Amino acid sequence: MSTKYELKDLATGKTSTLEARGGTLGPQVLDIAPIVKDHGVFTFDPGFMATASTESRITYIDGDAGVLLYRGYPVEQLAEKSSFVEVAYLLIYGSLPSKAQLEAFRNSITRHTMVNEHLLRFFQGFRYDAHPMAMVSAVVASMAAFYHDSTDINEPRHREIFAHRIVAKLPTIAAAAYKHLLAQPFVYPRNDLRYCSNILNMFFAVPCEPYSIDPIAAEALDLLLILHADHEQNASTSTVRLAGSTGANPYAAISAGVSALWGPAHGGANEAVLDMLESIGSVANIDAFLARVKDKRDHVRLMGFGHRVYKNFDPRAKIIRAMCYRVLEKFGHAETPLFELALRLEEIALKDEYFVSRKLYPNVDFYSGIIYSALGIPRSMFTVMFAIARTAGWVAHWQEMVSDPHMRIGRPRQLYTGPTQRDYVPLDRR
């Protein structure tokens with residue numbers, strides 16, 4: 001049963017009927033399309049804080065209750081029982097795979113991990129100190145020049161081939177960017193390794209000696225990828241949708257998402273956590289730092305605590321916290337000053353009434369940066385790791401959008417506050 005609202009213009013007395021649409025979960029949304037026709041006005045919602053830009057069946061978030069569902073499945077269950085490859089299948093295809101379907105999908109991903117040799121040569125053109133995200137964004141966009149035979153967005157089989165290719169090849173591209181940063185030889189993917197083990201091998205193996213993959217490192221990475229796989233209509237996902245709505249090839253849309261993720265307010269949050277810890281310096285300085293955070297006249301922020309969406313707690317943080325402790329214990333970094341500082345800051349903030357009353361609990365970014373650092377992944381690669389995970393969600397959203405027969409190009413409106421019309425003044429009279 002639909003709900004209808006009457007909107008009345010107090011100046012003219014004119015009214016229009018707005019229909020509320022309900023989803024399977026979450027609040028209703030108000031269809032405001034009649035406002036322009038009936039009243040000649042747009043709505044104003046900076047940051048899209050109260051605007052539903054699309055209809056989707058992929059991910060649901062209840063920020064007040066701390067709920068995150070992928071295709072209806074709680075992220076806690078998937079983190080405990082699933083793998084990133086299976087979660088990618090779930091996001092892309094809409095349901096959990098059978099054993100045969102999962103094996104076929106895993107085999108396809110494994111055999112798509114190689115990238116064109118000419119594509120690899122692109123890395124030789126980047127400066128030795130180029131940021132990995134700049135390289136990844138550029139190389140992903142260039143993939144359309146190599147795989148243009150399967151970029152017809154109206155062809156379902158092409159969409160599926162693209163989905164498998166980008167999920168498979170992004171770790172290989174990321175590893176190439178990392179090796180370029182180190183001036184080390186590129187390490188090719190191996191078909192005998194699972195997804196996360198393959199990533200670790202491409203990152204850390206060198207030709208001169210064998211590399212042994214630690215199972216806890218692979219497990220931790222798999223967990224991080226699951227927790228970052230999708231997060232509804234966030235900035236980068238919305239960017240992928242907006243770019244894709246033009247009919248652009250899918251690699252261009254994903255590249256746009258990578259660029260959006262690069263922003264420190266989005267994918268760079270876990271990097272900001274380590275920057276904050278380094279600025280604190282030592283456990284002895286924590287009290288003074290927290291005093292500055294509480295001072296409204298100071299602009300110091302407590303990074304990695306609280307979340308724009310989750311108002312009580314981040315469900316991903318509760319899952320990853322235990323893994324963070326396992327990683328630190330396994331790799332012997334618990335006594336490293338930076339990690340000791342992080343754990344002490346967590347302990348103090350969780351007991352401080354100021355932060356508890358404001359529900360500023362550690363979020364997923366607080367722990368993910370610590371884990372990546374403990375695994376030996378440098379800070380400049382943190383957002384790249386995020387991109388590897390989020391690619392599964394981006395692909396799912398892109399496919400959902402372009403397969404919709406009613407897809408329309410995105411076209412936000414604006415409130416214009418510039419000059420009114422004025423006449424051109426010749427140069428000699430200015």
# chains A, B, ... in the order shown; residues from 1 in each chain; ligands from 1

call {"tool": "select_by_dssp", "arguments": {"residues": "stretch 36-207 of chain A", "states": "strand (DSSP E)", "output": "VMD selection string"}}
result
chain A and resid 59 to 62 67 to 70 73 to 74

call {"tool": "residues_around", "arguments": {"residues": "A:Phe105", "least_positions_apart": "5", "cutoff": "10 Å", "atoms": "only C-alpha atoms", "output": "ChimeraX atom specification"}}
result
/A:85-86,88-89,97,99-100,110-111,164

call {"tool": "closest_atom_pairs", "arguments": {"of": "stretch 215-303 of chain A", "to": "stretch 186-206 of chain A", "cutoff": "7 Å", "atoms": "only C-alpha atoms", "output": "CSV"}}
result
residue,atom,partner,partner_atom,distance
A:Ala218,CA,A:Ser197,CA,5.5
A:Leu221,CA,A:Cys196,CA,6.4
A:Asp222,CA,A:Cys196,CA,6.0

call {"tool": "residues_around", "arguments": {"residues": "A:Ala317", "least_positions_apart": "5", "cutoff": "7 Å", "atoms": "only C-alpha atoms", "output": "PyMOL selection string"}}
result
chain A and resi 362-364

call {"tool": "atom_distance", "arguments": {"atom1": "atom CA of A:Gly94", "atom2": "atom CA of A:Asp62"}}
result
19.8 Å

call {"tool": "decode", "arguments": {"residues": "stretch 5-30 of chain A", "atoms": "N, CA and C atoms", "output": "compact mmCIF listing (two decimals), in the first residue's frame"}}
result
# COMPACT_ATOMS: atom_id res chain seq x y z
N TYR A 5 1.56 12.06 -0.18
CA TYR A 5 1.72 13.29 0.57
C TYR A 5 1.25 14.45 -0.30
N GLU A 6 0.61 15.42 0.32
CA GLU A 6 0.20 16.62 -0.38
C GLU A 6 1.21 17.73 -0.12
N LEU A 7 1.70 18.33 -1.19
CA LEU A 7 2.63 19.46 -1.08
C LEU A 7 1.89 20.72 -1.49
N LYS A 8 1.87 21.71 -0.61
CA LYS A 8 1.12 22.93 -0.89
C LYS A 8 2.05 24.12 -0.97
N ASP A 9 1.88 24.90 -2.04
CA ASP A 9 2.62 26.15 -2.21
C ASP A 9 1.86 27.23 -1.42
N LEU A 10 2.47 27.73 -0.35
CA LEU A 10 1.79 28.69 0.52
C LEU A 10 1.54 30.02 -0.18
N ALA A 11 2.36 30.31 -1.20
CA ALA A 11 2.18 31.59 -1.90
C ALA A 11 1.00 31.55 -2.86
N THR A 12 0.85 30.44 -3.58
CA THR A 12 -0.20 30.36 -4.61
C THR A 12 -1.38 29.48 -4.19
N GLY A 13 -1.16 28.64 -3.18
CA GLY A 13 -2.21 27.73 -2.76
C GLY A 13 -2.28 26.47 -3.59
N LYS A 14 -1.42 26.37 -4.60
CA LYS A 14 -1.43 25.20 -5.48
C LYS A 14 -0.87 23.99 -4.75
N THR A 15 -1.48 22.82 -4.95
CA THR A 15 -1.02 21.59 -4.31
C THR A 15 -0.66 20.55 -5.36
N SER A 16 0.18 19.62 -4.96
CA SER A 16 0.50 18.47 -5.82
C SER A 16 0.64 17.25 -4.93
N THR A 17 0.44 16.10 -5.52
CA THR A 17 0.50 14.84 -4.77
C THR A 17 1.83 14.15 -5.03
N LEU A 18 2.53 13.83 -3.95
CA LEU A 18 3.80 13.12 -4.04
C LEU A 18 3.62 11.73 -3.47
N GLU A 19 4.06 10.74 -4.20
CA GLU A 19 3.90 9.35 -3.76
C GLU A 19 5.17 8.85 -3.09
N ALA A 20 5.01 8.20 -1.96
CA ALA A 20 6.15 7.59 -1.26
C ALA A 20 6.29 6.14 -1.72
N ARG A 21 7.51 5.77 -2.03
CA ARG A 21 7.80 4.39 -2.46
C ARG A 21 8.55 3.67 -1.36
N GLY A 22 8.14 2.46 -1.07
CA GLY A 22 8.78 1.67 -0.02
C GLY A 22 9.62 0.55 -0.61
N GLY A 23 10.78 0.32 -0.02
CA GLY A 23 11.62 -0.79 -0.42
C GLY A 23 11.35 -2.00 0.47
N THR A 24 12.19 -3.02 0.35
CA THR A 24 12.03 -4.20 1.20
C THR A 24 12.53 -3.93 2.61
N LEU A 25 13.48 -3.01 2.74
CA LEU A 25 14.02 -2.60 4.03
C LEU A 25 14.28 -1.10 3.98
N GLY A 26 14.32 -0.48 5.14
CA GLY A 26 14.70 0.93 5.20
C GLY A 26 13.51 1.87 5.05
N PRO A 27 13.79 3.17 5.16
CA PRO A 27 12.72 4.17 5.08
C PRO A 27 12.16 4.30 3.68
N GLN A 28 10.94 4.84 3.61
CA GLN A 28 10.35 5.13 2.32
C GLN A 28 11.09 6.30 1.66
N VAL A 29 10.93 6.40 0.34
CA VAL A 29 11.49 7.54 -0.38
C VAL A 29 10.35 8.26 -1.08
N LEU A 30 10.46 9.56 -1.17
CA LEU A 30 9.41 10.38 -1.74
C LEU A 30 9.74 10.69 -3.19
